[in-house]
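As structure tokens, the structure follows; a few thoughts come after it.
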Amino acid sequence: MRLRGRKGIRESLEQQTDLVVLEARSHKGQWSDFFGNDRPIYVEFGMGKGQFISQMSRKYPEINFIGVDMYDELIRRGAEKARIAWEPEGVETPPNLKLALANIEYAEEVFAEGELQRIYLNFSDPWPKSKHARRRLTHPRFLHKYRGLLGSLGEIHLKTDSRSLFEFSLNAFADFGLQMTNISLDLHAGGINEEHVMTEYETKFVGQGVHIHRCEAIVGTEALERYQAARLDKYRL
């Protein structure tokens, strides 16, 4: 994937220290201190143009959000969308959002063990060829990283338009011993599901009639205990 960015993009990002993090590794284990509170941290790996993470930060001000991408141009676009998203609140800098320039391959160098509570994987590259399977963000080698980064309430939320990636991911979650829930093969069947914040790709695909696949994988031990307790209560006679 190649992106043609504007001239002076790095200089622009360097001037946005209130929102943009160019040296993400320096905050490993200290993201809560960086936000100035101990609220849960939710991260989107591969944030694209930033619509999802920007809208989520405004919708859930009690959560700290981090959008991660490896391309300067996407960080720039994400910063623009983040500021626009918060304009109706009269806020220039989203108080609970940071956009980090980083390669997901080295996520464990950016976040400490148990530092995150939720990971979003939205419309990741499906890498359809079998020889590229290791590059898929739900490959076991990535799941191993995520398990280390997520705390006791940790979850992974996946959305994709790729049926092959979705099937691969479900099998990978199962092989990794993760409890899956809220599985959907057509998230917006019967109309837009207003409960879910949509990405740019999602908006486009839904308009074209493409089915959106979604599921949640429970990683943390406490999250699993809560899920199991809730299921028992639901079906208790």
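By order in the structure tokens, chains are A, B, ...; within a chain, residues start at 1; ligands start at 1, following the order shown.
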Long-range neighbours of Gly78 in chain A as a list in words, 10 Å cut-off, only C-alpha atoms, 5 positions minimum in chain:
Leu19, Val20, Met47, Gly48, Lys49, Gly50, Gln51, Phe52, Ile53, Ser54, Gly67, Val68, Asp69, Asp72, Glu73, Arg83, Ile84, Lys98 and Leu99 of chain A
Just-selected residues, all heavy atoms written as a CSV table (one decimal), in the first residue's frame:
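Saved to selection_14.csv:
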chain,number,residue,atom,x,y,z
A,19,LEU,N,-2.0,15.7,20.0
A,19,LEU,CA,-2.8,14.6,19.4
A,19,LEU,C,-2.0,13.5,18.8
A,19,LEU,O,-2.3,12.3,19.0
A,19,LEU,CB,-3.8,15.2,18.4
A,19,LEU,CG,-4.7,14.2,17.7
A,19,LEU,CD1,-5.6,13.4,18.7
A,19,LEU,CD2,-5.6,14.9,16.6
A,20,VAL,N,-0.9,13.8,18.2
A,20,VAL,CA,-0.1,12.9,17.4
A,20,VAL,C,1.2,12.4,18.2
A,20,VAL,O,1.8,13.3,18.8
A,20,VAL,CB,0.4,13.5,16.0
A,20,VAL,CG1,1.3,12.6,15.3
A,20,VAL,CG2,-0.9,13.8,15.2
A,47,MET,N,-5.7,2.0,11.8
A,47,MET,CA,-6.9,2.9,11.9
A,47,MET,C,-7.4,3.5,10.6
A,47,MET,O,-8.4,4.1,10.5
A,47,MET,CB,-6.6,4.0,12.9
A,47,MET,CG,-5.6,5.1,12.3
A,47,MET,SD,-5.5,6.5,13.4
A,47,MET,CE,-4.7,7.6,12.2
A,48,GLY,N,-6.6,3.3,9.5
A,48,GLY,CA,-7.0,3.9,8.2
A,48,GLY,C,-7.0,5.4,8.3
A,48,GLY,O,-6.2,6.1,8.9
A,49,LYS,N,-8.1,6.0,7.8
A,49,LYS,CA,-8.3,7.5,7.8
A,49,LYS,C,-8.8,8.0,9.1
A,49,LYS,O,-9.0,9.2,9.2
A,49,LYS,CB,-9.2,7.9,6.6
A,49,LYS,CG,-8.6,7.5,5.2
A,49,LYS,CD,-9.5,7.8,4.1
A,49,LYS,CE,-9.0,7.4,2.8
A,49,LYS,NZ,-9.9,7.6,1.7
A,50,GLY,N,-9.1,7.2,10.0
A,50,GLY,CA,-9.4,7.7,11.4
A,50,GLY,C,-10.8,7.9,11.7
A,50,GLY,O,-11.1,8.4,12.8
A,51,GLN,N,-11.8,7.6,10.8
A,51,GLN,CA,-13.2,7.9,11.1
A,51,GLN,C,-13.7,7.2,12.4
A,51,GLN,O,-14.3,7.8,13.3
A,51,GLN,CB,-14.1,7.6,9.9
A,51,GLN,CG,-15.6,7.8,10.2
A,51,GLN,CD,-16.4,7.6,8.9
A,51,GLN,OE1,-16.3,8.4,8.0
A,51,GLN,NE2,-17.2,6.6,8.9
A,52,PHE,N,-13.4,5.9,12.4
A,52,PHE,CA,-13.9,5.1,13.5
A,52,PHE,C,-13.4,5.5,14.9
A,52,PHE,O,-14.1,5.8,15.8
A,52,PHE,CB,-13.5,3.6,13.3
A,52,PHE,CG,-13.8,2.7,14.4
A,52,PHE,CD1,-15.1,2.1,14.5
A,52,PHE,CD2,-12.9,2.3,15.4
A,52,PHE,CE1,-15.5,1.3,15.5
A,52,PHE,CE2,-13.2,1.5,16.4
A,52,PHE,CZ,-14.5,0.9,16.5
A,53,ILE,N,-12.0,5.6,15.0
A,53,ILE,CA,-11.5,6.0,16.3
A,53,ILE,C,-11.8,7.4,16.7
A,53,ILE,O,-12.0,7.6,17.9
A,53,ILE,CB,-9.9,5.8,16.3
A,53,ILE,CG1,-9.4,5.5,17.7
A,53,ILE,CG2,-9.2,6.9,15.5
A,53,ILE,CD1,-9.7,4.2,18.2
A,54,SER,N,-12.0,8.3,15.8
A,54,SER,CA,-12.4,9.7,16.1
A,54,SER,C,-13.8,9.7,16.7
A,54,SER,O,-14.1,10.3,17.7
A,54,SER,CB,-12.3,10.5,14.9
A,54,SER,OG,-11.0,10.6,14.4
A,67,GLY,N,-5.3,5.4,18.2
A,67,GLY,CA,-5.4,4.9,16.8
A,67,GLY,C,-3.9,4.7,16.3
A,67,GLY,O,-3.1,5.6,16.5
A,68,VAL,N,-3.7,3.5,15.8
A,68,VAL,CA,-2.3,3.2,15.4
A,68,VAL,C,-2.3,2.9,13.9
A,68,VAL,O,-3.1,2.2,13.3
A,68,VAL,CB,-1.8,1.9,16.1
A,68,VAL,CG1,-0.4,1.5,15.6
A,68,VAL,CG2,-1.8,2.2,17.6
A,69,ASP,N,-1.3,3.5,13.2
A,69,ASP,CA,-1.0,3.2,11.8
A,69,ASP,C,0.4,3.5,11.5
A,69,ASP,O,1.1,4.3,12.2
A,69,ASP,CB,-2.0,4.0,10.9
A,69,ASP,CG,-2.3,3.2,9.6
A,69,ASP,OD1,-1.5,3.0,8.8
A,69,ASP,OD2,-3.5,2.8,9.6
A,72,ASP,N,2.4,8.0,7.6
A,72,ASP,CA,2.3,9.5,8.0
A,72,ASP,C,1.0,10.1,7.5
A,72,ASP,O,0.3,10.8,8.2
A,72,ASP,CB,3.5,10.3,7.4
A,72,ASP,CG,4.8,10.0,8.1
A,72,ASP,OD1,4.9,8.9,8.7
A,72,ASP,OD2,5.7,10.8,8.1
A,73,GLU,N,0.7,9.8,6.2
A,73,GLU,CA,-0.5,10.4,5.6
A,73,GLU,C,-1.8,10.0,6.3
A,73,GLU,O,-2.7,10.8,6.4
A,73,GLU,CB,-0.5,10.0,4.1
A,73,GLU,CG,-1.8,10.5,3.4
A,73,GLU,CD,-2.0,12.0,3.3
A,73,GLU,OE1,-1.1,12.7,3.7
A,73,GLU,OE2,-3.0,12.4,2.9
A,83,ARG,N,-10.2,16.2,15.0
A,83,ARG,CA,-10.5,17.5,15.4
A,83,ARG,C,-11.9,17.9,14.9
A,83,ARG,O,-12.7,18.6,15.6
A,83,ARG,CB,-9.5,18.5,14.8
A,83,ARG,CG,-8.1,18.2,15.4
A,83,ARG,CD,-7.1,19.3,15.0
A,83,ARG,NE,-5.7,18.9,15.3
A,83,ARG,CZ,-5.2,18.9,16.6
A,83,ARG,NH1,-5.9,19.3,17.6
A,83,ARG,NH2,-3.9,18.5,16.7
A,84,ILE,N,-12.3,17.5,13.7
A,84,ILE,CA,-13.6,17.8,13.1
A,84,ILE,C,-14.7,17.1,13.9
A,84,ILE,O,-15.7,17.6,14.2
A,84,ILE,CB,-13.7,17.3,11.6
A,84,ILE,CG1,-12.8,18.2,10.8
A,84,ILE,CG2,-15.1,17.4,11.1
A,84,ILE,CD1,-12.7,17.8,9.3
A,98,LYS,N,-5.3,9.6,21.2
A,98,LYS,CA,-4.0,9.8,20.6
A,98,LYS,C,-3.8,9.0,19.3
A,98,LYS,O,-4.4,7.9,19.2
A,98,LYS,CB,-2.9,9.4,21.6
A,98,LYS,CG,-2.9,10.1,23.0
A,98,LYS,CD,-2.7,11.6,22.9
A,98,LYS,CE,-2.8,12.3,24.2
A,98,LYS,NZ,-2.7,13.7,24.1
A,99,LEU,N,-3.1,9.6,18.4
A,99,LEU,CA,-2.9,8.9,17.1
A,99,LEU,C,-1.4,8.6,17.1
A,99,LEU,O,-0.5,9.5,17.1
A,99,LEU,CB,-3.3,9.7,15.9
A,99,LEU,CG,-4.7,10.2,16.0
A,99,LEU,CD1,-5.0,11.1,14.7
A,99,LEU,CD2,-5.7,9.1,16.1
Please identify which residues in range 57-144 of chain A DSSP calls strand (DSSP E) from the backbone, and express them as a PyMOL selection string.
chain A and resi 64-69+97-101+116-122
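With only C-alpha atoms taken into account, the protein and nucleic acid residues at most 12 Å from Pro40 in chain A (excluding it and anything under 2 positions from it in its own chain) are Trp31, Ser32, Phe35, Gly36, Asn37, Asp38, Tyr42, Val43, Tyr60, Pro61, Glu62, Ile63, Asn64, Phe65, Ile66, Asn96, Leu97, Gly114, Glu115, Leu116, Gln117, Arg118, Ile119, Leu150, Gly151, Ser152, Leu153, Gly154 and Glu155 of chain A.
Restricting the calculation to only C-alpha atoms, the smallest distance between Ala82 in chain A and any of A:Asp18, A:Glu23, A:Glu105, A:Glu194 is found for A:Asp18.
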Rows by chain and residue number, range 81-144 of chain A within 9 Å of range 166-175 of chain A, shortest pair, only C-alpha atoms, as JSON lines:
{"residue": "A:Pro126", "atom": "CA", "partner": "A:Phe166", "partner_atom": "CA", "distance": 8.8}
{"residue": "A:Arg136", "atom": "CA", "partner": "A:Ser169", "partner_atom": "CA", "distance": 8.8}
{"residue": "A:Leu137", "atom": "CA", "partner": "A:Ser169", "partner_atom": "CA", "distance": 8.8}
{"residue": "A:Thr138", "atom": "CA", "partner": "A:Ser169", "partner_atom": "CA", "distance": 5.6}
{"residue": "A:His139", "atom": "CA", "partner": "A:Ala172", "partner_atom": "CA", "distance": 6.5}
{"residue": "A:Pro140", "atom": "CA", "partner": "A:Ala172", "partner_atom": "CA", "distance": 6.3}
{"residue": "A:Leu143", "atom": "CA", "partner": "A:Phe173", "partner_atom": "CA", "distance": 8.0}
Resulting file, chosen residues, C-alpha atoms, as a JSON list (two decimals), in the first residue's frame:
[["chain", "number", "residue", "atom", "x", "y", "z"],
["A", 126, "PRO", "CA", -7.08, -9.91, 4.20],
["A", 136, "ARG", "CA", -3.02, -11.37, 8.61],
["A", 137, "LEU", "CA", -3.65, -9.49, 11.84],
["A", 138, "THR", "CA", -5.55, -12.45, 13.28],
["A", 139, "HIS", "CA", -2.76, -14.93, 12.60],
["A", 140, "PRO", "CA", -1.72, -16.82, 15.77],
["A", 143, "LEU", "CA", -2.88, -13.25, 18.70]]
Quick check, in Å to one decimal: how far apart do CA of Arg25 in chain A and CA of Leu165 in chain A lie?
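For CA of Arg25 in chain A relative to CA of Leu165 in chain A, the distance reads 29.3 Å.
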